[in-house]
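Heads up, the thing below is written out as C-alpha cells.
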Amino acid sequence: MIALLAMVVLVGMGEKMAERFLPLYLMAVGGTTWAVGSLNGMDNLLSALYSFPGGYLSDLLGYKKALIVFNLVAMAGYVIVILVPTWWAVLIGAVFFISWTAISLPAIMSLVSKAVPKDKRTMGVSLHSLTRRIPMALGPLVGGALIQVFGRIKGVQISFGVALLLGAVAIVLEVFFIKEDPDAGKKDRAVHLRDSIRFITPDLRNLLISDILIRFAEQIPYAFVVLWAVDRNGITPLQFGVLTTIEMVTAMLVYIPIAILADRNSKKPFVLTTFVFFTAFPVVLYFSRSFPALCGAFVLRGLKEYGEPTRKALIMDLAPENAKASTFGTYYLLRDIIVSVAAFGAAWLWNKGPGVNFFTAAAFGAAGTIYFAVFGRDVKSAA
C-alpha cells in the first residue's frame with residue numbers, strides 16, 4: 001500500500017501540473033473552444049473505453065504488471081505533446097496520457113481490496129483518494145507558476161517533461177516495491193465484458209444511473225472552469241492553481257472522518273450528500289466573479305469529494321469477490337461512455353453562454369440526486 005500511494009503521488013504530480021491548464025494551452029497553440037470540448041469529451045469517452053480493458057488486464061496479468069504497462073502508455077502521450085506543440089498533437093497525446101487514471105483504477109482497487117480487510121475497505125479507498133489529492137493540490141500550483149514564468153506553451157511543455165521523469169521513477173517503485181499479485185496469470189480470473197455486465201445488479205444499476213446524471217453535472221462545465229476563471233474573470237494561472245489547491249485540501253480534510261463514519265454506518269447518506277455538492281457547484285460558480293468568491297466556490301467543489309470513496313467502496317462491496325476489477329471497470333465503461341456525450345456537447349452549451357452551460361449542468365445534478373434519494377439502496381457497513 002505504501003508503494004502504491006507513493007506511485008500515485010509521483011504519477012499524479014506530473015499529470016496534474018499540466019492537465020488543469022490544457023484548455024489554456026489548446027487556445028494558445030491555435031485551438032478553439034471546440035478543441036477544448038473535444039478534449040474533455042475524449043477524456044470521458046477514452047476513460048470509459050479504457051476502464052474495462054484496465055480491469056480485464058489487471059485480473060489477467062495481476063495489478064503489478066498491469067500498472068507498469070499503464071505507466072508506459074501514459075508516458076508515451078507526454079512525449080507527443082512535448083515534441084509537437086500543436087492543438088491536434090494534444091488530442092493525439094491525450095489518447096495515451098488520458099489512459100492513466102481510468103485504466104489503472106481497476107488495478108488499484110483490486111490491490112486495495114486485497115491489502116485491507118473488507119470492513120475497512122472504505123478507509124482503504126479513502127487513503128488512495130486522499131493521497132491522489134496531494135499531487136492534485138500541488139501540481140496545479142507548480143504548473144501555474146511555470147505558465148506564469150515561461151508562458152502558456154513553454155510552461156505546459158516543461159510540466160509534461162517533469163511528468164515524464166516522475167513517471168519513470170514511479171515505474172522503478174512498481175518494479176521493486178509492489179508485490180506480485182498471487183493470482184496473476186490465472187486466465188480464468190479474466191472475465192469477459194458480457195459476463196461483467198451481468199454483475200451489474202439492480203442495486204448497482206440504480207447507483208450507476210444516478211452517477212451518470214451527476215457526472216453530466218460535473219463534466220458539462222469541467223473543461224471551461226479555467227476559461228471562466230482566467231479569461232472571463234481575470235484570474236491569473238497561479239491564482240487558478242491556488243483555487244485548485246483549496247479544492248483538494250478541502251477534499252483531503254473530509255476523507256478520513258467520512259471514511260470512519262461510512263465504515264461504521266450506512267453508505268447512502270454520504271453518497272447522497274456528495275451528489276448535492278456536485279449539483280450546487282456550477283450554480284455557485286456562475287455567481288463567483290472575483291478571486292475571494294471563487295475561493296468559496298472551490299471549497300464547495302472540494303466538498304463534492306465528501307462521499308466519493310464511499311461510492312467506490314459501495315461498488316466494490318456489490319461486485320463479486322472473484323471479479324472486482326472487471327466489474328469496477330465495466331461500471332466505469334458504461335458510465336463514462338454515456339457521460340462523454342455531455343462532455344462533447346459542453347462546447348455548444350458554452351458558446352450559448354456560460355450561464356446556459358452551468359445551469360444545464362445543475363439541472364442534471366438535481367435529477368441524479370433525486371433519483372438516488374428515491375431508488376438508491378441504503379447499504380450498511382460490512383462490519
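As shown in the C-alpha cells, the chain order sets the letters A, B, ...; within each chain, residues go from 1, and ligands are also counted from 1 in the order they appear.
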
Using only C-alpha atoms, which protein or nucleic acid residues come within 6 Å of region 149-163 of chain A? Drop anything in the same chain fewer than 5 positions from it, and give the result as JSON, numbers by chain.
{"A": [14, 15, 17, 18, 25, 78, 82]}

For the contact check between region 38-62 of chain A and region 90-96 of chain A, emit one row per residue of region 38-62 of chain A within 10 Å, containing the shortest atom pair and the distance in Å rounded to one decimal, counting only C-alpha atoms, chain then rising number order, as a Markdown table.
| residue | atom | partner | partner_atom | distance |
| --- | --- | --- | --- | --- |
| A:Ser38 | CA | A:Leu91 | CA | 8.1 |
| A:Leu39 | CA | A:Leu91 | CA | 6.3 |
| A:Asn40 | CA | A:Leu91 | CA | 9.9 |
| A:Met42 | CA | A:Val95 | CA | 7.8 |
| A:Asp43 | CA | A:Ala94 | CA | 7.7 |
| A:Leu46 | CA | A:Val95 | CA | 7.1 |
| A:Ser47 | CA | A:Val95 | CA | 9.5 |

Selected residue of minimal separation from Ala319 (chain A) among A:Lys268, A:Arg198, A:Arg215, A:Arg335, counting only C-alpha atoms: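 Nearest to Ala319 (chain A): A:Arg198.
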
Work out how far apart CA of Ile197 (chain A) and CA of Tyr331 (chain A) are and give it in Å to one decimal.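 Atom-to-atom, CA of Ile197 (chain A) to CA of Tyr331 (chain A), that is 8.1 Å.
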
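With only C-alpha atoms as the basis for measurement, A:Leu164 is the residue among A:Leu61, A:Leu164, A:Ile134, A:Ile147 that approaches Ala76 (chain A) most closely.
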
>> Ranking A:Gln219, A:Gly353, A:Leu261, A:Val374 by minimum distance to Leu45 (chain A) and counting only C-alpha atoms, which one comes first?
In response: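 Result for the nearest residue to Leu45 (chain A): A:Gln219.
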
Nearest to Lys16 (chain A), restricted to only C-alpha atoms and choosing among A:Leu318, A:Ile178, A:Met136, A:Leu130, comes out as A:Met136

| said: I'd like the contact shell of region 295-306 of chain A - 10 Å cut-off, only C-alpha atoms, skipping same-chain residues fewer than 6 positions apart - returned as a PyMOL selection string. | reply: chain A and resi 129-130+218+239-240+242-259+270-288

Next on the checklist: I'd like the neighbourhood of Gly12 (chain A) as number ranges by chain, where a residue qualifies if any of its atoms comes within 10 Å (using only C-alpha atoms), though same-chain residues fewer than 2 positions away should be ignored.
Outcome noted: A: 6-10, 14-17, 19, 100-101, 131-139, 163, 166-167
